[in-house]
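This report concerns only the one structure given below.
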Number of protein chains: 2
Amino acid sequence: MQLRFSPLTLELRHAFTLAASSRTTTPAMLVELEHDGLTGYGEAAMPPYLGDTQSTATAFFGCLNASRWTDPFRTEEILAEIDALVPGNTAAKAALDIALHDWIGKKLGLPLHKLWGLDAARAPVTSFTIGIATPEIVRQKTREAEPYHMLKVKLGRDTDQQLIETIREITDKPLLVDANQGWTDREDALRMSEWLAARGVVLIEQPFAKTALDDTAWLRERSPLPLIADESAQRLTDVARLRGVFDGINIKLMKCTGLREAHRMITAARALEMKVMLGCMTETSCAISAAAQLAPLADWADLDGALLITNDPFDGATFDNGRILPSARPGIGVRRRVTS
Amino acid sequence: MQLRFSPLTLELRHAFTLAASSRTTTPAMLVELEHDGLTGYGEAAMPPYLGDTQSTATAFFGCLNASRWTDPFRTEEILAEIDALVPGNTAAKAALDIALHDWIGKKLGLPLHKLWGLDAARAPVTSFTIGIATPEIVRQKTREAEPYHMLKVKLGRDTDQQLIETIREITDKPLLVDANQGWTDREDALRMSEWLAARGVVLIEQPFAKTALDDTAWLRERSPLPLIADESAQRLTDVARLRGVFDGINIKLMKCTGLREAHRMITAARALEMKVMLGCMTETSCAISAAAQLAPLADWADLDGALLITNDPFDGATFDNGRILPSARPGIGVRRRVTS
């Protein structure tokens, strides 16, 4: 196979504000794997807090010898080799996994969800994120989110409750909240989860620090809302020890090295009777469309990443009445947009 | 799709002797799923102790309306519907799962292992079972098993140690032993496992009754040999509670309803850091070749079922220097033998 890669800076539709930072762009890398006249597309999305950068990804891709992979169907072997090269670089690894799966789907003429035996119509409602902002902007964003039937908010400021109340002035749509490891006190966390439950919140992501499993298990025993692991659940090997600690896991391709491991994490979660959420970074329709192919296996989808940028080079997965629909085109199902 | 099914009585090469019984034939059902000009083959193998019979399978197949399945690729939906129809009937369900996967592989022109991203060359050495018999016959069978690099014995008689010693007169090949739930006393079990370890045995299957998980966990703490669940591990939902009790699971298509769930059980076992053995019943090359497609994911294969019968209607998976090789033909990779 032949590997090509290039950096891409994604332009954010709205400045992205977390507890500690604010930014207007986010780095990504696009990847192409070509073999036998077909090209598979992949993407690495690299939000700064994950550690990967365009430089580390470039270095990683540069040390691969893709010409050694003469049979793209040998995903088990190829992806194990890629994963073993260096620790980390999970986003760059995911880009290769996505491109490889895209190639296979194109070769077979099948969208990946069909190759995996799934029914596209089973994909769940996806949430749309309302960023942290002034009450006026929050009201406006909530109104603009009209096409989406579930909203998500990231907590982590002393105005968290005001943010929820402001959204509730406009809509009673179900809400997901992401505490982003921000909570530290058990009793406060329990009170907050009760307060959130009373306001139509349906789940809480990552309430405590990723290693604070005792605190999380304590809260889970008492919380009226299910707790979903994000930072605590990076790879397949993390899943088993989260049983009894979290009610489910948020799987993101960029954390777990791609579709193959994501698929396995879903299976592991089911075997452990845990719930599954499919999440994303801010990323193009390339990585989003890849994740969407797995969506029929998830309980919740949070795949709004491509809606948050203004320079998406692809189209692929679409939204229908609040649901994310995996593309019916082969592979991950993306096409390059005609640049205007 | 169109479903056809017919009973087949498999003729055993040697009478099959367990602690409690002896028999010269074993019942099976062959299944065909036809759609779009292609036919997928499947098989249900029904050893008497599992409860399924040709009558129960006939009744089960009879109540299916296969013409409703207009898209064979929707395996998730079709197999969930089949599984939900009645409890049990796992062998009949496996026959349909195998036929459906065979059809998909044929439609795509790919052997299943390739569709799953696997390298056929990674399939492990398979064991060959030496039945319970007089020392003279055991010596003869052990010599006849020369092509196989690993042997398996089923225990459960007061002559167990003699059986092992007799095999050891002939060969020092690694041995798997299947205690078939036969042990009842912890201390005796520990002494036996030490005795077996000293004689080149590499694992013990199902030492205690399938529900005796406390005894098993006790033994596992002390045994020099890994313990593998057979009767304790039927379906995906059994796997998680076996962690810390067994070191691994023996997955058989006829127990777990087929390839889809078997694949998931392997993934779950890996997520739980457990070992994987792929086993079989006495069955034709149809079901064996289906299981062989998964073999590159297993630590041990015990897929000698088709070698134990004289009227195998198929050829498919082959053996190469003691390894089982999944067929490179599409689907499960079987062809009907020309009847002489």
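Labels used: A, B, ... for chains in the order of the structure tokens, numbers from 1 for residues in each chain, and numbers from 1 for ligands as shown.
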
Could I get chain B fitted onto chain A (least squares, all C-alpha atoms, in order) as a short mmCIF file (atom, residue, chain, number, x, y, z; two decimals) with C-alpha atoms, in the first residue's frame?
```cif
data_model
loop_
_atom_site.label_atom_id
_atom_site.label_comp_id
_atom_site.auth_asym_id
_atom_site.auth_seq_id
_atom_site.Cartn_x
_atom_site.Cartn_y
_atom_site.Cartn_z
CA MET B 1 0.00 0.00 0.01
CA GLN B 2 1.01 3.58 -0.46
CA LEU B 3 0.56 6.04 2.40
CA ARG B 4 0.05 9.78 1.97
CA PHE B 5 -0.62 12.23 4.78
CA SER B 6 -1.07 15.97 5.14
CA PRO B 7 -1.85 18.35 8.00
CA LEU B 8 -5.15 20.22 8.11
CA THR B 9 -6.14 22.96 10.50
CA LEU B 10 -9.85 22.82 11.28
CA GLU B 11 -11.60 26.17 11.68
CA LEU B 12 -14.09 26.17 14.52
CA ARG B 13 -17.55 27.58 13.97
CA HIS B 14 -17.52 28.92 17.54
CA ALA B 15 -14.52 29.35 19.84
CA PHE B 16 -14.20 26.17 21.89
CA THR B 17 -14.20 26.97 25.58
CA LEU B 18 -13.38 24.53 28.34
CA ALA B 19 -12.71 25.22 31.99
CA ALA B 20 -9.06 26.03 31.30
CA SER B 21 -8.78 27.24 27.70
CA SER B 22 -10.40 28.70 24.59
CA ARG B 23 -9.39 28.20 20.94
CA THR B 24 -10.62 28.91 17.39
CA THR B 25 -8.82 26.17 15.44
CA THR B 26 -7.86 22.55 16.10
CA PRO B 27 -5.21 20.45 14.36
CA ALA B 28 -5.87 17.31 12.30
CA MET B 29 -4.06 15.10 9.79
CA LEU B 30 -5.62 13.55 6.71
CA VAL B 31 -4.35 10.19 5.52
CA GLU B 32 -4.76 8.22 2.31
CA LEU B 33 -3.90 4.57 1.81
CA GLU B 34 -3.81 3.58 -1.85
CA HIS B 35 -3.66 0.04 -3.18
CA ASP B 36 -4.90 -1.70 -6.26
CA GLY B 37 -6.40 1.47 -7.71
CA LEU B 38 -8.48 2.31 -4.64
CA THR B 39 -7.88 4.94 -1.97
CA GLY B 40 -8.99 4.71 1.66
CA TYR B 41 -9.35 7.92 3.64
CA GLY B 42 -8.46 8.39 7.27
CA GLU B 43 -8.12 11.21 9.75
CA ALA B 44 -6.32 11.95 12.99
CA ALA B 45 -7.96 14.62 15.14
CA MET B 46 -5.58 15.98 17.74
CA PRO B 47 -7.06 18.23 20.40
CA PRO B 48 -4.13 19.73 22.33
CA TYR B 49 -4.98 18.06 25.65
CA LEU B 50 -4.38 14.55 24.22
CA GLY B 51 -0.69 15.16 23.55
CA ASP B 52 -0.58 14.25 19.86
CA THR B 53 0.33 17.02 17.44
CA GLN B 54 0.79 17.35 13.70
CA SER B 55 4.53 16.97 14.36
CA THR B 56 4.23 13.75 16.35
CA ALA B 57 1.80 12.32 13.78
CA THR B 58 4.09 13.32 10.91
CA ALA B 59 7.01 11.63 12.62
CA PHE B 60 4.90 8.53 13.26
CA PHE B 61 3.64 8.24 9.69
CA GLY B 62 7.16 8.90 8.45
CA CYS B 63 8.57 5.84 10.16
CA LEU B 64 5.99 3.47 8.65
CA ASN B 65 6.79 1.37 5.62
CA ALA B 66 3.34 0.94 4.12
CA SER B 67 4.73 -0.78 1.03
CA ARG B 68 5.23 -3.85 3.23
CA TRP B 69 1.46 -4.24 3.61
CA THR B 70 0.65 -6.08 0.44
CA ASP B 71 -2.72 -7.44 1.58
CA PRO B 72 -4.92 -4.75 3.17
CA PHE B 73 -7.35 -7.42 4.39
CA ARG B 74 -4.83 -8.52 7.03
CA THR B 75 -6.08 -5.85 9.40
CA GLU B 76 -5.28 -7.90 12.51
CA GLU B 77 -1.61 -8.14 11.61
CA ILE B 78 -1.20 -4.66 10.11
CA LEU B 79 -2.91 -2.86 12.98
CA ALA B 80 -1.09 -4.89 15.64
CA GLU B 81 2.19 -3.95 13.98
CA ILE B 82 1.22 -0.28 13.88
CA ASP B 83 0.10 -0.30 17.50
CA ALA B 84 3.29 -1.97 18.67
CA LEU B 85 5.57 0.61 17.04
CA VAL B 86 5.31 3.23 19.77
CA PRO B 87 3.07 3.84 22.77
CA GLY B 88 0.47 6.56 22.36
CA ASN B 89 -0.07 8.27 19.00
CA THR B 90 -3.58 6.87 19.21
CA ALA B 91 -5.02 9.47 16.82
CA ALA B 92 -2.41 8.74 14.15
CA LYS B 93 -3.07 5.02 14.59
CA ALA B 94 -6.80 5.68 14.25
CA ALA B 95 -6.21 7.53 10.96
CA LEU B 96 -4.53 4.42 9.52
CA ASP B 97 -7.21 2.10 10.89
CA ILE B 98 -9.94 4.25 9.34
CA ALA B 99 -8.17 4.42 5.96
CA LEU B 100 -7.62 0.66 5.97
CA HIS B 101 -11.27 -0.06 6.75
CA ASP B 102 -12.36 2.48 4.15
CA TRP B 103 -10.21 0.73 1.56
CA ILE B 104 -11.68 -2.69 2.45
CA GLY B 105 -15.23 -1.40 2.25
CA LYS B 106 -14.51 0.16 -1.13
CA LYS B 107 -12.89 -3.03 -2.36
CA LEU B 108 -15.97 -5.02 -1.36
CA GLY B 109 -18.40 -2.33 -2.47
CA LEU B 110 -20.04 -2.24 0.97
CA PRO B 111 -20.46 0.38 3.67
CA LEU B 112 -18.79 -0.84 6.84
CA HIS B 113 -22.02 -1.10 8.83
CA LYS B 114 -23.29 -3.58 6.27
CA LEU B 115 -20.03 -5.52 6.41
CA TRP B 116 -20.52 -5.71 10.19
CA GLY B 117 -24.10 -6.96 9.81
CA LEU B 118 -25.75 -3.78 11.12
CA ASP B 119 -28.93 -1.95 10.18
CA ALA B 120 -28.30 1.76 9.58
CA ALA B 121 -31.77 2.58 10.85
CA ARG B 122 -30.77 1.42 14.35
CA ALA B 123 -28.32 4.29 14.81
CA PRO B 124 -29.31 6.28 17.89
CA VAL B 125 -30.19 9.93 18.28
CA THR B 126 -27.02 12.01 18.42
CA SER B 127 -26.40 14.82 20.86
CA PHE B 128 -25.39 18.35 19.88
CA THR B 129 -23.01 20.21 22.18
CA ILE B 130 -23.94 23.61 23.56
CA GLY B 131 -20.67 25.34 24.40
CA ILE B 132 -20.03 27.36 27.52
CA ALA B 133 -21.03 30.98 26.86
CA THR B 134 -23.07 33.90 28.17
CA PRO B 135 -26.75 33.14 28.87
CA GLU B 136 -27.78 35.10 25.82
CA ILE B 137 -25.49 33.11 23.50
CA VAL B 138 -26.55 29.85 25.17
CA ARG B 139 -30.19 30.68 24.49
CA GLN B 140 -29.34 31.41 20.87
CA LYS B 141 -27.30 28.21 20.45
CA THR B 142 -30.05 26.15 22.05
CA ARG B 143 -32.55 27.56 19.57
CA GLU B 144 -30.16 26.91 16.69
CA ALA B 145 -29.86 23.28 17.86
CA GLU B 146 -33.51 22.76 16.96
CA PRO B 147 -32.77 19.85 14.52
CA TYR B 148 -31.13 17.82 17.29
CA HIS B 149 -33.20 15.94 19.82
CA MET B 150 -30.57 15.61 22.52
CA LEU B 151 -28.14 18.22 23.80
CA LYS B 152 -24.83 17.94 25.59
CA VAL B 153 -23.09 20.39 27.88
CA LYS B 154 -19.60 20.37 29.28
CA LEU B 155 -19.42 21.41 32.90
CA GLY B 156 -16.49 22.72 34.87
CA ARG B 157 -17.29 26.33 35.75
CA ASP B 158 -19.01 27.91 38.72
CA THR B 159 -21.81 28.86 36.29
CA ASP B 160 -22.70 25.23 35.50
CA GLN B 161 -26.12 25.35 37.11
CA GLN B 162 -26.93 28.64 35.41
CA LEU B 163 -25.99 27.06 32.06
CA ILE B 164 -28.42 24.18 32.62
CA GLU B 165 -31.17 26.54 33.79
CA THR B 166 -30.67 28.74 30.74
CA ILE B 167 -31.03 25.77 28.38
CA ARG B 168 -34.12 24.69 30.29
CA GLU B 169 -35.71 28.09 29.65
CA ILE B 170 -35.72 27.16 25.96
CA THR B 171 -36.20 23.39 25.77
CA ASP B 172 -36.88 20.22 27.73
CA LYS B 173 -34.83 17.98 25.39
CA PRO B 174 -32.81 15.28 27.13
CA LEU B 175 -29.39 16.51 28.19
CA LEU B 176 -26.06 14.73 28.54
CA VAL B 177 -23.53 16.36 30.81
CA ASP B 178 -19.79 15.92 30.67
CA ALA B 179 -18.13 16.77 33.96
CA ASN B 180 -14.70 16.29 32.35
CA GLN B 181 -13.06 14.95 35.54
CA GLY B 182 -14.01 18.21 37.23
CA TRP B 183 -15.64 16.97 40.43
CA THR B 184 -13.60 16.28 43.55
CA ASP B 185 -16.00 15.94 46.49
CA ARG B 186 -18.25 12.87 46.72
CA GLU B 187 -21.11 14.52 48.56
CA ASP B 188 -21.10 17.56 46.29
CA ALA B 189 -21.08 15.21 43.29
CA LEU B 190 -24.08 13.30 44.61
CA ARG B 191 -26.02 16.51 45.27
CA MET B 192 -25.18 17.75 41.77
CA SER B 193 -26.23 14.50 40.14
CA GLU B 194 -29.57 14.67 41.96
CA TRP B 195 -29.98 18.27 40.90
CA LEU B 196 -29.19 17.33 37.29
CA ALA B 197 -31.54 14.33 37.32
CA ALA B 198 -34.38 16.61 38.42
CA ARG B 199 -33.70 18.73 35.32
CA GLY B 200 -33.94 16.02 32.70
CA VAL B 201 -30.27 15.15 32.44
CA VAL B 202 -29.91 11.51 31.33
CA LEU B 203 -26.25 10.72 32.07
CA ILE B 204 -23.04 12.12 33.50
CA GLU B 205 -19.71 11.64 31.78
CA GLN B 206 -16.51 11.29 33.76
CA PRO B 207 -17.45 12.97 37.05
CA PHE B 208 -14.09 12.49 38.79
CA ALA B 209 -10.43 12.29 37.80
CA LYS B 210 -9.79 9.32 35.51
CA THR B 211 -7.98 7.36 38.20
CA ALA B 212 -10.51 8.15 40.99
CA LEU B 213 -12.33 4.85 40.55
CA ASP B 214 -13.24 4.53 44.25
CA ASP B 215 -14.99 7.89 44.24
CA THR B 216 -16.75 6.98 41.01
CA ALA B 217 -17.93 3.61 42.35
CA TRP B 218 -19.20 5.37 45.49
CA LEU B 219 -21.16 7.85 43.40
CA ARG B 220 -22.49 5.14 41.10
CA GLU B 221 -24.03 3.32 44.07
CA ARG B 222 -26.01 6.45 44.94
CA SER B 223 -26.43 8.55 41.81
CA PRO B 224 -29.84 8.58 40.10
CA LEU B 225 -27.99 9.04 36.78
CA PRO B 226 -25.76 6.56 34.96
CA LEU B 227 -22.05 7.40 34.93
CA ILE B 228 -20.15 7.06 31.66
CA ALA B 229 -16.35 6.75 31.47
CA ASP B 230 -14.51 8.99 29.05
CA GLU B 231 -10.91 9.64 30.12
CA SER B 232 -11.01 6.45 32.26
CA ALA B 233 -11.80 4.35 29.17
CA GLN B 234 -9.16 4.75 26.51
CA ARG B 235 -8.46 1.26 25.19
CA LEU B 236 -9.90 -2.25 25.23
CA THR B 237 -7.73 -3.17 28.20
CA ASP B 238 -9.41 -0.48 30.30
CA VAL B 239 -12.95 -1.78 29.93
CA ALA B 240 -13.04 -4.76 32.29
CA ARG B 241 -11.81 -2.90 35.37
CA LEU B 242 -14.54 -0.28 34.92
CA ARG B 243 -17.37 -2.71 35.60
CA GLY B 244 -19.06 -1.79 38.85
CA VAL B 245 -17.38 1.63 38.66
CA PHE B 246 -19.11 3.17 35.64
CA ASP B 247 -22.39 2.18 33.98
CA GLY B 248 -20.93 2.57 30.52
CA ILE B 249 -18.07 3.83 28.38
CA ASN B 250 -17.67 6.60 25.85
CA ILE B 251 -15.68 5.16 22.94
CA LYS B 252 -13.82 7.59 20.69
CA LEU B 253 -11.82 6.44 17.69
CA MET B 254 -9.01 8.90 18.46
CA LYS B 255 -8.53 7.47 21.96
CA CYS B 256 -8.72 3.79 21.10
CA THR B 257 -6.74 3.63 17.80
CA GLY B 258 -9.71 3.20 15.49
CA LEU B 259 -12.63 1.15 14.32
CA ARG B 260 -11.23 -2.30 15.00
CA GLU B 261 -10.57 -1.67 18.66
CA ALA B 262 -13.73 0.43 19.04
CA HIS B 263 -15.76 -2.50 17.74
CA ARG B 264 -14.04 -4.78 20.24
CA MET B 265 -14.64 -2.35 23.09
CA ILE B 266 -18.35 -2.36 22.26
CA THR B 267 -18.39 -6.15 22.38
CA ALA B 268 -16.48 -6.17 25.67
CA ALA B 269 -18.85 -3.60 27.17
CA ARG B 270 -21.86 -5.72 26.15
CA ALA B 271 -20.30 -8.82 27.68
CA LEU B 272 -19.88 -6.82 30.89
CA GLU B 273 -23.46 -5.51 30.66
CA MET B 274 -22.25 -1.95 30.29
CA LYS B 275 -23.70 0.83 28.16
CA VAL B 276 -21.99 2.24 25.10
CA MET B 277 -21.70 5.84 23.96
CA LEU B 278 -19.87 6.75 20.76
CA GLY B 279 -18.08 10.07 21.03
CA CYS B 280 -15.75 12.17 18.95
CA MET B 281 -13.30 15.03 18.95
CA THR B 282 -13.75 18.11 16.82
CA GLU B 283 -13.02 16.39 13.53
CA THR B 284 -14.06 16.30 9.89
CA SER B 285 -16.77 14.16 8.33
CA CYS B 286 -14.03 11.61 7.63
CA ALA B 287 -13.59 10.41 11.21
CA ILE B 288 -17.23 11.17 12.10
CA SER B 289 -18.49 9.07 9.20
CA ALA B 290 -16.21 6.24 10.27
CA ALA B 291 -17.63 6.32 13.81
CA ALA B 292 -21.16 6.59 12.42
CA GLN B 293 -20.69 3.18 10.77
CA LEU B 294 -20.56 1.70 14.29
CA ALA B 295 -23.44 3.80 15.61
CA PRO B 296 -26.13 1.10 15.25
CA LEU B 297 -24.32 -0.74 18.07
CA ALA B 298 -24.35 2.23 20.48
CA ASP B 299 -26.86 3.39 23.08
CA TRP B 300 -25.96 7.05 22.64
CA ALA B 301 -24.09 8.88 19.92
CA ASP B 302 -22.28 12.16 20.45
CA LEU B 303 -21.00 12.61 16.91
CA ASP B 304 -21.40 16.30 16.28
CA GLY B 305 -17.68 17.01 15.70
CA ALA B 306 -17.99 17.86 12.03
CA LEU B 307 -20.87 20.25 12.70
CA LEU B 308 -18.51 22.38 14.75
CA ILE B 309 -16.12 23.27 11.90
CA THR B 310 -16.41 25.50 8.83
CA ASN B 311 -13.88 23.83 6.51
CA ASP B 312 -14.98 20.19 6.40
CA PRO B 313 -13.32 18.69 3.30
CA PHE B 314 -15.71 15.69 3.23
CA ASP B 315 -19.33 14.80 3.27
CA GLY B 316 -20.46 11.43 4.58
CA ALA B 317 -22.72 10.56 7.49
CA THR B 318 -25.91 12.61 7.57
CA PHE B 319 -28.44 13.52 10.23
CA ASP B 320 -32.05 12.54 9.95
CA ASN B 321 -34.55 13.71 12.53
CA GLY B 322 -31.82 13.90 15.16
CA ARG B 323 -30.31 10.52 14.32
CA ILE B 324 -26.89 10.10 12.77
CA LEU B 325 -27.14 7.96 9.64
CA PRO B 326 -24.08 6.03 8.49
CA SER B 327 -23.50 6.62 4.80
CA ALA B 328 -24.66 3.90 2.41
CA ARG B 329 -21.62 4.46 0.20
CA PRO B 330 -18.79 1.90 0.40
CA GLY B 331 -16.28 1.98 3.26
CA ILE B 332 -16.71 4.85 5.68
CA GLY B 333 -18.81 6.46 2.97
CA VAL B 334 -17.20 9.85 2.50
CA ARG B 335 -16.63 11.94 -0.61
CA ARG B 336 -14.37 14.94 -0.91
CA ARG B 337 -16.40 18.10 -1.17
CA VAL B 338 -15.95 20.15 -4.30
CA THR B 339 -14.06 23.21 -3.08
CA SER B 340 -15.77 26.39 -4.15
#
```

Residue list (alpha helix (DSSP H), DSSP) for segment 127-335 of chain B, as a PDB file with C-alpha atoms, in the first residue's frame:
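Full text of states_8.pdb as output:
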```
ATOM      1  CA  PRO B 135      -4.108 -49.811  27.089  1.00  0.00           C
ATOM      2  CA  GLU B 136      -3.412 -51.733  23.910  1.00  0.00           C
ATOM      3  CA  ILE B 137      -5.942 -49.717  21.888  1.00  0.00           C
ATOM      4  CA  VAL B 138      -4.716 -46.474  23.479  1.00  0.00           C
ATOM      5  CA  ARG B 139      -1.172 -47.283  22.386  1.00  0.00           C
ATOM      6  CA  GLN B 140      -2.405 -47.972  18.874  1.00  0.00           C
ATOM      7  CA  LYS B 141      -4.484 -44.768  18.718  1.00  0.00           C
ATOM      8  CA  THR B 142      -1.579 -42.725  20.039  1.00  0.00           C
ATOM      9  CA  ARG B 143       0.629 -44.095  17.287  1.00  0.00           C
ATOM     10  CA  GLU B 144      -2.057 -43.406  14.688  1.00  0.00           C
ATOM     11  CA  ASP B 160      -7.425 -42.006  34.224  1.00  0.00           C
ATOM     12  CA  GLN B 161      -3.846 -42.138  35.447  1.00  0.00           C
ATOM     13  CA  GLN B 162      -3.222 -45.402  33.625  1.00  0.00           C
ATOM     14  CA  LEU B 163      -4.524 -43.774  30.424  1.00  0.00           C
ATOM     15  CA  ILE B 164      -2.050 -40.893  30.746  1.00  0.00           C
ATOM     16  CA  GLU B 165       0.819 -43.260  31.579  1.00  0.00           C
ATOM     17  CA  THR B 166      -0.016 -45.424  28.572  1.00  0.00           C
ATOM     18  CA  ILE B 167       0.083 -42.418  26.231  1.00  0.00           C
ATOM     19  CA  ARG B 168       3.362 -41.358  27.802  1.00  0.00           C
ATOM     20  CA  GLU B 169       4.878 -44.745  26.945  1.00  0.00           C
ATOM     21  CA  ILE B 170       4.483 -43.762  23.297  1.00  0.00           C
ATOM     22  CA  ARG B 186     -10.643 -29.812  46.025  1.00  0.00           C
ATOM     23  CA  GLU B 187      -7.591 -31.477  47.524  1.00  0.00           C
ATOM     24  CA  ASP B 188      -7.850 -34.480  45.224  1.00  0.00           C
ATOM     25  CA  ALA B 189      -8.196 -32.090  42.279  1.00  0.00           C
ATOM     26  CA  LEU B 190      -5.077 -30.194  43.289  1.00  0.00           C
ATOM     27  CA  ARG B 191      -3.069 -33.399  43.686  1.00  0.00           C
ATOM     28  CA  MET B 192      -4.288 -34.602  40.285  1.00  0.00           C
ATOM     29  CA  SER B 193      -3.427 -31.324  38.597  1.00  0.00           C
ATOM     30  CA  GLU B 194       0.096 -31.509  40.035  1.00  0.00           C
ATOM     31  CA  TRP B 195       0.395 -35.093  38.885  1.00  0.00           C
ATOM     32  CA  LEU B 196      -0.795 -34.106  35.403  1.00  0.00           C
ATOM     33  CA  ALA B 197       1.547 -31.101  35.209  1.00  0.00           C
ATOM     34  CA  LEU B 213     -17.222 -21.730  40.654  1.00  0.00           C
ATOM     35  CA  ASP B 214     -15.911 -21.458  44.232  1.00  0.00           C
ATOM     36  CA  ASP B 215     -14.162 -24.811  43.987  1.00  0.00           C
ATOM     37  CA  THR B 216     -12.774 -23.847  40.598  1.00  0.00           C
ATOM     38  CA  ALA B 217     -11.458 -20.492  41.844  1.00  0.00           C
ATOM     39  CA  TRP B 218      -9.851 -22.292  44.804  1.00  0.00           C
ATOM     40  CA  LEU B 219      -8.120 -24.738  42.482  1.00  0.00           C
ATOM     41  CA  ARG B 220      -7.057 -21.995  40.079  1.00  0.00           C
ATOM     42  CA  GLU B 221      -5.206 -20.207  42.894  1.00  0.00           C
ATOM     43  CA  ARG B 222      -3.140 -23.338  43.495  1.00  0.00           C
ATOM     44  CA  LEU B 236     -21.319 -14.432  25.782  1.00  0.00           C
ATOM     45  CA  THR B 237     -23.157 -13.564  28.987  1.00  0.00           C
ATOM     46  CA  ASP B 238     -21.251 -16.271  30.857  1.00  0.00           C
ATOM     47  CA  VAL B 239     -17.777 -14.959  30.120  1.00  0.00           C
ATOM     48  CA  LEU B 253     -20.223 -23.020  17.965  1.00  0.00           C
ATOM     49  CA  MET B 254     -22.921 -25.502  19.004  1.00  0.00           C
ATOM     50  CA  LYS B 255     -23.023 -24.114  22.550  1.00  0.00           C
ATOM     51  CA  CYS B 256     -22.930 -20.421  21.727  1.00  0.00           C
ATOM     52  CA  LEU B 259     -19.792 -17.679  14.598  1.00  0.00           C
ATOM     53  CA  ARG B 260     -21.124 -14.247  15.470  1.00  0.00           C
ATOM     54  CA  GLU B 261     -21.378 -14.925  19.170  1.00  0.00           C
ATOM     55  CA  ALA B 262     -18.191 -17.025  19.179  1.00  0.00           C
ATOM     56  CA  HIS B 263     -16.312 -14.068  17.704  1.00  0.00           C
ATOM     57  CA  ARG B 264     -17.754 -11.825  20.405  1.00  0.00           C
ATOM     58  CA  MET B 265     -16.842 -14.290  23.136  1.00  0.00           C
ATOM     59  CA  ILE B 266     -13.244 -14.259  21.914  1.00  0.00           C
ATOM     60  CA  THR B 267     -13.205 -10.467  22.075  1.00  0.00           C
ATOM     61  CA  ALA B 268     -14.742 -10.499  25.551  1.00  0.00           C
ATOM     62  CA  ALA B 269     -12.215 -13.081  26.750  1.00  0.00           C
ATOM     63  CA  ARG B 270      -9.342 -10.940  25.439  1.00  0.00           C
ATOM     64  CA  ALA B 271     -10.731  -7.867  27.169  1.00  0.00           C
ATOM     65  CA  SER B 285     -16.313 -30.602   8.014  1.00  0.00           C
ATOM     66  CA  CYS B 286     -19.114 -28.053   7.654  1.00  0.00           C
ATOM     67  CA  ALA B 287     -19.159 -26.894  11.281  1.00  0.00           C
ATOM     68  CA  ILE B 288     -15.443 -27.661  11.749  1.00  0.00           C
ATOM     69  CA  SER B 289     -14.513 -25.513   8.758  1.00  0.00           C
ATOM     70  CA  ALA B 290     -16.671 -22.703  10.117  1.00  0.00           C
ATOM     71  CA  ALA B 291     -14.875 -22.824  13.473  1.00  0.00           C
ATOM     72  CA  ALA B 292     -11.512 -23.066  11.702  1.00  0.00           C
ATOM     73  CA  GLN B 293     -12.166 -19.639  10.162  1.00  0.00           C
ATOM     74  CA  LEU B 294     -11.909 -18.207  13.694  1.00  0.00           C
TER      75      LEU B 294
END
```

When DSSP is applied to the backbone of this structure, which of segment 88-236 of chain B are assigned strand (DSSP E)? Write them out as a list of chain:residue names.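 Strand (DSSP E) assignments inside segment 88-236 of chain B correspond to B:Ser127, B:Phe128, B:Thr129, B:Ile130, B:Met150, B:Leu151, B:Lys152, B:Val153, B:Lys154, B:Leu175, B:Leu176, B:Val177, B:Asp178, B:Val201, B:Val202, B:Leu203, B:Ile204, B:Glu205, B:Leu227, B:Ile228, B:Ala229.
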